[in-house]
$ cat query-v4.txt   # compact mmCIF, C-alpha atoms
# COMPACT_ATOMS: atom_id res chain seq x y z
CA MET Z 1 -135.16 142.96 134.99
CA ASP Z 2 -138.52 144.69 134.80
CA HIS Z 3 -140.11 144.07 138.20
CA HIS Z 4 -141.02 141.38 140.71
CA CYS Z 5 -144.48 139.90 140.17
CA PRO Z 6 -146.17 138.73 143.40
CA TRP Z 7 -148.85 136.84 141.42
CA THR Z 8 -146.33 134.53 139.80
CA SER Z 9 -143.88 134.72 142.73
CA ASN Z 10 -141.07 135.38 140.29
CA CYS Z 11 -139.06 138.24 138.83
CA VAL Z 12 -140.03 139.40 135.34
CA SER Z 13 -136.72 139.55 133.50
CA HIS Z 14 -135.36 139.12 130.00
CA GLN Z 15 -135.92 135.35 129.93
CA THR Z 16 -139.29 135.31 131.71
CA TRP Z 17 -140.79 138.30 129.89
CA PRO Z 18 -142.55 136.26 127.13
CA HIS Z 19 -144.16 134.01 129.77
CA PHE Z 20 -145.36 137.08 131.67
CA ILE Z 21 -146.92 138.58 128.54
CA ARG Z 22 -148.69 135.30 127.76
CA PHE Z 23 -149.89 135.08 131.37
CA LEU Z 24 -151.42 138.57 131.17
CA PHE Z 25 -152.92 137.88 127.75
CA TYR Z 26 -154.68 134.66 128.77
CA ALA Z 27 -155.76 136.11 132.13
CA THR Z 28 -157.29 139.15 130.43
CA THR Z 29 -158.95 137.01 127.74
CA SER Z 30 -160.42 134.65 130.33
CA MET Z 31 -161.87 137.47 132.40
CA ILE Z 32 -163.37 139.10 129.30
CA TYR Z 33 -164.98 135.74 128.48
CA LEU Z 34 -166.35 135.45 132.02
CA GLN Z 35 -167.56 139.05 131.94
CA TYR Z 36 -169.55 138.29 128.81
CA PHE Z 37 -171.49 135.47 130.47
CA LEU Z 38 -171.99 137.51 133.63
CA TYR Z 39 -173.45 140.29 131.52
CA ILE Z 40 -175.86 137.85 129.84
CA ARG Z 41 -176.98 136.47 133.21
CA ALA Z 42 -177.41 139.93 134.75
CA SER Z 43 -179.41 141.08 131.71
CA LYS Z 44 -181.75 138.11 132.03
CA VAL Z 45 -182.29 138.80 135.73
CA TRP Z 46 -183.06 142.44 134.97
CA GLU Z 47 -185.55 141.52 132.24
CA ASP Z 48 -187.41 139.18 134.62
CA ARG Z 49 -187.45 141.64 137.51
CA ASP Z 50 -191.28 141.87 137.37
CA MET Z 51 -191.74 138.10 137.59
CA PRO Z 52 -192.66 136.42 140.91
CA SER Z 53 -189.64 135.89 143.14
CA TYR Z 54 -190.08 132.11 143.32
CA LEU Z 55 -189.54 131.93 139.53
CA GLY Z 56 -186.22 133.76 139.68
CA PRO Z 57 -182.87 133.22 141.43
CA SER Z 58 -182.64 133.11 145.19
CA ALA Z 59 -181.13 135.84 147.34
CA TRP Z 60 -177.85 133.93 147.70
CA GLN Z 61 -177.64 133.46 143.94
CA LEU Z 62 -178.18 137.18 143.37
CA ALA Z 63 -175.52 138.02 145.95
CA HIS Z 64 -173.13 135.57 144.31
CA LEU Z 65 -173.81 137.07 140.88
CA PHE Z 66 -173.30 140.59 142.18
CA ALA Z 67 -170.01 139.67 143.88
CA LEU Z 68 -168.72 137.97 140.73
CA ILE Z 69 -169.54 140.99 138.60
CA VAL Z 70 -167.84 143.41 141.00
CA PHE Z 71 -164.66 141.41 141.57
CA ASN Z 72 -164.29 140.30 137.96
CA SER Z 73 -164.82 143.85 136.66
CA LEU Z 74 -162.28 145.29 139.08
CA THR Z 75 -159.70 142.59 138.37
CA LEU Z 76 -160.25 142.87 134.63
CA PHE Z 77 -159.72 146.61 134.82
CA LEU Z 78 -156.45 146.33 136.75
CA VAL Z 79 -155.02 143.39 134.81
CA GLY Z 80 -156.08 144.97 131.53
CA ILE Z 81 -154.20 148.15 132.36
CA MET Z 82 -151.13 146.11 133.31
CA PHE Z 83 -151.36 144.12 130.07
CA LEU Z 84 -151.64 147.24 127.90
CA ARG Z 85 -148.83 148.89 129.82
CA SER Z 86 -146.62 145.82 129.38
CA VAL Z 87 -147.34 145.68 125.63
CA TYR Z 88 -146.48 149.37 125.34
CA SER Z 89 -143.25 148.88 127.29
CA MET Z 90 -142.31 145.95 125.06
CA ALA Z 91 -143.06 147.98 121.92
CA MET Z 92 -140.80 150.78 123.19
CA ASN Z 93 -138.29 148.27 124.64
CA ILE Z 94 -138.40 150.10 127.98
CA THR Z 95 -138.59 148.23 131.26
CA THR Z 96 -140.08 149.69 134.41
CA ILE Z 97 -136.65 150.49 135.83
CA GLU Z 98 -135.54 152.06 132.55
CA SER Z 99 -138.65 154.26 132.51
CA TRP Z 100 -137.61 155.58 135.93
CA GLU Z 101 -134.11 156.23 134.57
CA ILE Z 102 -135.54 158.16 131.60
CA GLU Z 103 -137.69 160.29 133.91
CA ARG Z 104 -134.68 160.92 136.12
CA HIS Z 105 -132.61 161.98 133.12
CA GLU Z 106 -135.33 164.39 131.98
CA GLN Z 107 -135.41 165.91 135.45
CA LEU Z 108 -131.64 166.41 135.42
CA LEU Z 109 -131.89 168.10 132.02
CA ARG Z 110 -134.50 170.54 133.33
CA ARG Z 111 -132.35 171.38 136.35
CA ALA Z 112 -129.21 171.79 134.25
CA LYS Z 113 -131.02 174.05 131.78
CA VAL Z 114 -131.68 176.53 134.57
CA LEU Z 115 -128.17 176.25 136.05
CA GLY Z 116 -126.20 176.70 132.84
CA GLY Z 117 -125.83 173.07 131.80
CA TYR Z 118 -123.93 171.95 134.90
CA LEU Z 119 -124.94 170.37 138.20
CA ASP Z 120 -123.00 170.06 141.42
CA GLY Z 121 -121.63 166.65 142.26
CA PRO Z 122 -119.89 165.38 145.39
CA ASP Z 123 -116.79 167.16 146.72
CA GLY Z 124 -117.47 170.30 144.64
CA MET Z 125 -117.38 168.45 141.32
CA ARG Z 126 -119.10 170.15 138.37
CA VAL Z 127 -120.86 167.66 136.09
CA ARG Z 128 -122.01 168.64 132.62
CA ILE Z 129 -125.49 167.31 131.81
CA SER Z 130 -126.28 166.67 128.14
CA ARG Z 131 -129.20 164.89 126.52
CA HIS Z 132 -128.74 161.17 125.93
CA GLU Z 133 -131.10 159.24 123.70
CA PHE Z 134 -132.36 155.89 124.91
CA PRO Z 135 -130.12 153.46 122.99
CA TYR Z 136 -132.23 150.26 123.01
CA ASP Z 137 -135.29 151.41 121.07
CA ILE Z 138 -134.74 149.77 117.66
CA GLY Z 139 -138.29 150.11 116.31
CA ILE Z 140 -141.63 148.60 117.30
CA TRP Z 141 -141.24 145.37 115.33
CA GLY Z 142 -137.65 144.85 116.42
CA ASN Z 143 -138.52 145.55 120.04
CA ILE Z 144 -141.42 143.08 120.11
CA ARG Z 145 -139.40 140.46 118.25
CA ASP Z 146 -136.52 140.70 120.72
CA GLY Z 147 -138.89 140.86 123.68
CA MET Z 148 -140.81 137.71 122.69
CA GLY Z 149 -137.67 135.93 121.52
CA THR Z 150 -138.90 135.10 118.01
CA SER Z 151 -140.43 136.65 114.91
CA ASN Z 152 -143.05 133.87 114.67
CA ILE Z 153 -146.31 135.50 115.74
CA LEU Z 154 -148.02 132.17 116.46
CA ALA Z 155 -145.24 131.23 118.86
CA TRP Z 156 -145.98 134.34 120.90
CA PHE Z 157 -149.29 132.82 122.03
CA TRP Z 158 -148.09 129.24 122.54
CA PRO Z 159 -148.44 128.60 126.30
CA LEU Z 160 -145.83 125.81 126.32
CA ALA Z 161 -143.13 127.81 124.57
CA ALA Z 162 -139.62 127.42 125.94
CA SER Z 163 -137.66 130.24 127.53
CA MET Z 164 -135.26 132.29 125.48
CA LYS Z 165 -131.74 130.97 125.10
CA THR Z 166 -129.98 134.34 125.11
CA ALA Z 167 -128.23 135.48 128.27
CA GLY Z 168 -129.55 139.04 128.14
CA LEU Z 169 -126.14 140.65 128.67
CA ALA Z 170 -125.84 142.37 125.27
CA PHE Z 171 -128.60 144.06 123.26
CA GLU Z 172 -128.85 145.71 119.89
CA THR Z 173 -128.67 149.51 119.95
CA ASN Z 174 -130.07 152.14 117.62
CA GLY Z 175 -126.73 153.91 117.07
CA PHE Z 176 -128.01 157.38 117.99
CA GLU Z 177 -125.23 157.90 120.53
CA GLU Z 178 -121.49 157.47 120.38
CA PRO Z 179 -120.20 153.96 121.10
CA GLY Z 180 -118.54 155.12 124.31
CA GLN Z 181 -121.75 156.49 125.84
CA VAL Z 182 -123.29 154.52 128.69
CA TRP Z 183 -126.86 154.20 129.89
CA PRO Z 184 -128.09 155.48 132.26
CA PRO Z 185 -126.22 158.81 131.99
CA PRO Z 186 -124.19 160.05 134.96
CA ASP Z 187 -126.27 161.33 137.85
CA PRO Z 188 -124.50 163.82 140.18
CA ASP Z 189 -126.82 162.92 143.06
CA ARG Z 190 -125.74 159.27 142.90
CA MET Z 191 -122.02 159.67 142.37
CA PRO Z 192 -119.88 158.33 145.21
CA ARG Z 193 -117.76 160.73 147.19
CA LEU Z 194 -114.01 160.71 146.76
CA SER Z 195 -111.94 158.90 149.34
CA ARG Z 196 -110.38 161.28 151.86
CA ASN Z 197 -107.28 160.98 153.96
CA LEU Z 198 -108.52 162.51 157.19
CA ASP Z 199 -106.00 164.01 159.59
CA THR Z 200 -106.82 162.65 163.02
CA ASN Z 201 -104.09 164.53 164.87
CA ASP Z 202 -106.37 167.44 165.75
CA ALA Z 203 -109.49 165.32 166.26
CA PHE Z 204 -111.09 165.07 169.67
CA VAL Z 205 -110.17 161.87 171.43
CA TYR Z 206 -111.98 160.76 174.52
CA HIS Z 207 -109.68 160.20 177.46
CA GLU Z 208 -110.80 158.08 180.34
CA HIS Z 209 -108.87 160.18 182.83
CA MET Z 210 -110.93 163.31 182.02
CA ASN Z 211 -113.31 164.35 184.74
CA THR Z 212 -116.86 165.59 184.22
CA ALA Z 213 -115.94 169.27 184.16
CA ALA Z 214 -113.24 168.69 181.53
CA GLU Z 215 -115.66 166.73 179.34
CA VAL Z 216 -118.26 169.52 179.54
CA GLU Z 217 -115.65 172.15 178.72
CA ALA Z 218 -114.39 170.15 175.73
CA PHE Z 219 -117.96 169.76 174.49
CA LYS Z 220 -118.57 173.52 174.73
CA GLN Z 221 -115.39 174.21 172.78
CA ARG Z 222 -116.45 171.85 169.99
CA GLN Z 223 -119.92 173.39 169.99
CA ALA Z 224 -118.51 176.91 169.67
CA ALA Z 225 -116.19 175.81 166.86
CA ASP Z 226 -119.07 174.18 164.98
CA LEU Z 227 -121.20 177.30 165.36
CA ALA Z 228 -118.41 179.54 164.07
CA ARG Z 229 -117.91 177.26 161.09
CA ARG Z 230 -121.62 177.35 160.23
CA GLN Z 231 -121.68 181.13 160.52
CA ARG Z 232 -118.82 181.45 158.06
CA ALA Z 233 -120.56 179.04 155.69
CA ASN Z 234 -124.06 180.51 155.55
CA GLY Z 235 -123.54 184.12 156.64
CA VAL Z 236 -125.77 183.91 159.73
CA GLN Z 237 -124.75 185.92 162.76
CA ARG Z 238 -126.49 185.68 166.12
CA ARG Z 239 -128.04 188.76 167.65
CA LYS Z 240 -127.70 189.70 171.27
CA ALA Z 241 -130.45 189.01 173.76
CA PHE Z 242 -133.40 191.40 173.82
CA HIS Z 243 -132.42 193.15 177.03
CA GLN Z 244 -128.92 193.73 175.61
CA ARG Z 245 -130.08 195.06 172.23
CA PHE Z 246 -132.42 197.76 173.58
CA ASP Z 247 -131.81 200.54 176.03
CA SER Z 248 -134.13 200.09 178.99
CA ASP Z 249 -134.74 203.84 179.43
CA SER Z 250 -135.38 204.97 175.86
CA ALA Z 251 -136.41 201.60 174.38
CA GLN Z 252 -134.16 202.34 171.40
CA PRO Z 253 -131.82 199.85 169.70
CA VAL Z 254 -128.17 200.01 170.68
CA GLU Z 255 -125.40 200.54 168.14
CA ASN Z 256 -123.96 197.02 168.03
CA GLU Z 257 -126.73 194.47 168.46
CA TYR Z 258 -124.84 191.42 167.15
CA LEU Z 259 -122.59 189.07 169.07
CA ASP Z 260 -118.89 188.89 168.35
CA ASP Z 261 -117.45 185.75 166.79
CA ALA Z 262 -115.59 184.97 170.00
CA ALA Z 263 -118.61 185.43 172.26
CA THR Z 264 -119.42 182.46 174.44
CA ASP Z 265 -122.98 183.51 175.27
CA LEU Z 266 -125.02 182.15 172.36
CA SER Z 267 -128.43 183.23 173.61
CA GLY Z 268 -130.43 185.59 171.44
CA GLU Z 269 -131.93 185.68 167.96
CA GLU Z 270 -130.40 184.93 164.59
CA GLY Z 271 -130.13 187.83 162.17
CA TRP Z 272 -129.42 187.60 158.46
CA GLN Z 273 -126.12 188.98 157.21
CA ASP Z 274 -124.54 188.56 153.79
CA SER Z 275 -120.88 187.94 153.03
CA GLY Z 276 -120.20 191.69 152.91
CA GLY Z 277 -121.57 192.29 156.40
CA ASN Z 278 -124.79 193.96 155.22
CA ARG Z 279 -128.02 193.32 157.10
CA LEU Z 280 -131.65 193.63 156.09
CA ARG Z 281 -131.96 197.19 157.33
CA ASP Z 282 -129.06 198.17 155.05
CA TYR Z 283 -131.37 197.32 152.15
CA GLY Z 284 -134.29 199.33 153.56
CA VAL Z 285 -136.02 196.43 155.33
CA GLU Z 286 -137.21 197.07 158.89
CA GLU Z 287 -135.91 194.24 161.04
CA ASP Z 288 -136.43 195.80 164.50
CA VAL Z 289 -139.87 194.32 165.06
CA GLU Z 290 -141.63 194.52 168.37
CA PHE Z 291 -140.35 191.68 170.49
CA TYR Z 292 -140.66 190.80 174.15
CA ASP Z 293 -138.93 188.14 176.13
CA GLU Z 294 -141.82 186.55 178.00
CA ASP Z 295 -139.49 184.41 180.09
CA ASP Z 296 -137.84 187.41 181.79
CA ILE Z 297 -140.54 190.11 181.79
CA PRO Z 298 -143.96 189.48 183.38
CA ILE Z 299 -147.04 190.21 181.30
CA ALA Z 300 -148.23 192.81 183.80
CA GLU Z 301 -144.98 194.74 183.36
CA LEU Z 302 -145.34 194.60 179.58
CA LEU Z 303 -148.89 195.96 179.77
CA ARG Z 304 -147.79 198.73 182.11
CA ARG Z 305 -145.02 199.81 179.74
CA ARG Z 306 -147.42 199.83 176.81
CA ARG Z 307 -149.90 202.04 178.68
CA GLU Z 308 -147.11 204.47 179.57
CA GLN Z 309 -146.01 204.67 175.94
CA GLN Z 310 -149.58 205.35 174.84
CA HIS Z 311 -149.98 208.18 177.40
CA ASN Z 312 -146.66 209.72 176.39

$ encode --input "query-v4.txt" --output "structure tokens"
Amino acid sequence: MDHHCPWTSNCVSHQTWPHFIRFLFYATTSMIYLQYFLYIRASKVWEDRDMPSYLGPSAWQLAHLFALIVFNSLTLFLVGIMFLRSVYSMAMNITTIESWEIERHEQLLRRAKVLGGYLDGPDGMRVRISRHEFPYDIGIWGNIRDGMGTSNILAWFWPLAASMKTAGLAFETNGFEEPGQVWPPPDPDRMPRLSRNLDTNDAFVYHEHMNTAAEVEAFKQRQAADLARRQRANGVQRRKAFHQRFDSDSAQPVENEYLDDAATDLSGEEGWQDSGGNRLRDYGVEEDVEFYDEDDIPIAELLRRRREQQHN
């Protein structure tokens, strides 16, 4: 299948492809023929522009001529591009869907080239990406012959030609790849995940006899467990709240400004930390920026503290 054509209300496939090409050819030819006569008429009107108005076309006729020129030119441009694109696709034996697959394969090759020839698939699978040649391009003449269903050039333009008899399930290949290769090549982003046997013994099960307090407590426990799991996965550790990280008298940072893993109070800021426990300041980056908690400290108090620091 190539695509669904709304003009013909039918899908353009292997058997309907010759009819679609003939439809575009005759539509383009007809509009070129109409454009020729419109050009002659418009040229005549322009040559007689200095003649009295009663000797020329009426206002409605001029409006009709202008509308025909605009709509026919626009339609001819669009249908002509589609016709040329379809002829090119037939010469390369590449359908619209196959062109998307080729572009997708080129994108995977560029990604794999940067990542050492492998891409990550589902469930930690490593997939090797190698270049695959498009197997159905057998030459321009062979592609057009198979696309139109015959080598008789006159039959290509016969509007009453019958549909092709072939089923379209097997096609000739160019032999560039091994017989066992498939098209399109494997795509790690589209591979299905492996089936898992999940252990539901430790899963949370809702009990109708639980009261509201028990439900809230169970939710907090699951939330804390999820947060701890994310911290272990991405190396992010939450910082303490502002009033806990700075000494109120000296306005200096305290020694330990990060929350423990078992802490239940999750308020504060997130600070970056790698797998070795190093933070940004361990690499010479100043991370103690000026920060105020506007929800707890009034703006007047903040201004007063700033004036005192400036005087001192």

$ atom_distance --input "query-v4.txt" --atom1 "atom CA of Thr29 of chain Z" --atom2 "atom CA of Ile69 of chain Z"
15.7 Å

$ closest_residue --input "query-v4.txt" --among "Z:Gly149, Z:Ser73, Z:Glu177, Z:Gly168" --to "Leu34 of chain Z" --atoms "all atoms listed in the file"
Z:Ser73

$ closest_residue --input "query-v4.txt" --among "Z:Leu55, Z:Ile94, Z:Leu194, Z:Leu169" --to "Asp123 of chain Z" --atoms "all atoms listed in the file"
Z:Leu194

$ closest_residue --input "query-v4.txt" --among "Z:Glu133, Z:Leu119, Z:Phe157, Z:Tyr39" --to "Pro188 of chain Z" --atoms "only C-alpha atoms"
Z:Leu119

$ closest_residue --input "query-v4.txt" --among "Z:His4, Z:Arg305, Z:Ala42, Z:Asn93" --to "His64 of chain Z" --atoms "all atoms listed in the file"
Z:Ala42

$ residues_around --input "query-v4.txt" --residues "Arg128 of chain Z" --least-positions-apart "6" --cutoff "12 Å" --atoms "all atoms listed in the file" --output "PyMOL selection string"
chain Z and resi 108-109+111-113+115-121+185-188

$ write_last_selection --input "query-v4.txt" --atoms "C-alpha atoms" --output "PDB file, in the coordinates of the input"
ATOM      1  CA  LEU Z 108    -131.640 166.410 135.420  1.00  0.00           C
ATOM      2  CA  LEU Z 109    -131.890 168.100 132.020  1.00  0.00           C
ATOM      3  CA  ARG Z 111    -132.350 171.380 136.350  1.00  0.00           C
ATOM      4  CA  ALA Z 112    -129.210 171.790 134.250  1.00  0.00           C
ATOM      5  CA  LYS Z 113    -131.020 174.050 131.780  1.00  0.00           C
ATOM      6  CA  LEU Z 115    -128.170 176.250 136.050  1.00  0.00           C
ATOM      7  CA  GLY Z 116    -126.200 176.700 132.840  1.00  0.00           C
ATOM      8  CA  GLY Z 117    -125.830 173.070 131.800  1.00  0.00           C
ATOM      9  CA  TYR Z 118    -123.930 171.950 134.900  1.00  0.00           C
ATOM     10  CA  LEU Z 119    -124.940 170.370 138.200  1.00  0.00           C
ATOM     11  CA  ASP Z 120    -123.000 170.060 141.420  1.00  0.00           C
ATOM     12  CA  GLY Z 121    -121.630 166.650 142.260  1.00  0.00           C
ATOM     13  CA  PRO Z 185    -126.220 158.810 131.990  1.00  0.00           C
ATOM     14  CA  PRO Z 186    -124.190 160.050 134.960  1.00  0.00           C
ATOM     15  CA  ASP Z 187    -126.270 161.330 137.850  1.00  0.00           C
ATOM     16  CA  PRO Z 188    -124.500 163.820 140.180  1.00  0.00           C
TER      17      PRO Z 188
END

$ residues_near_point --input "query-v4.txt" --point "(-142.4, 141.3, 118.1)" --cutoff "12 Å" --atoms "all atoms listed in the file" --output "PyMOL selection string"
chain Z and resi 18+21+87-93+138-157

$ atom_distance --input "query-v4.txt" --atom1 "atom CA of Ile81 of chain Z" --atom2 "atom CA of Phe25 of chain Z"
11.3 Å

$ residues_near_point --input "query-v4.txt" --point "(-144.7, 142.0, 139.2)" --cutoff "12 Å" --atoms "all atoms listed in the file" --output "VMD selection string"
chain Z and resid 1 to 13 16 to 17 20 to 21 23 to 24 79 82 to 83 86 95 to 96

$ atom_distance --input "query-v4.txt" --atom1 "atom CA of Val45 of chain Z" --atom2 "atom CA of Tyr26 of chain Z"
28.8 Å

$ closest_residue --input "query-v4.txt" --among "Z:Arg307, Z:Arg190, Z:Arg49, Z:Arg22" --to "Ala161 of chain Z" --atoms "only C-alpha atoms"
Z:Arg22

$ closest_residue --input "query-v4.txt" --among "Z:Gln309, Z:Ser58, Z:Gln15, Z:Asn211" --to "Ala167 of chain Z" --atoms "only C-alpha atoms"
Z:Gln15
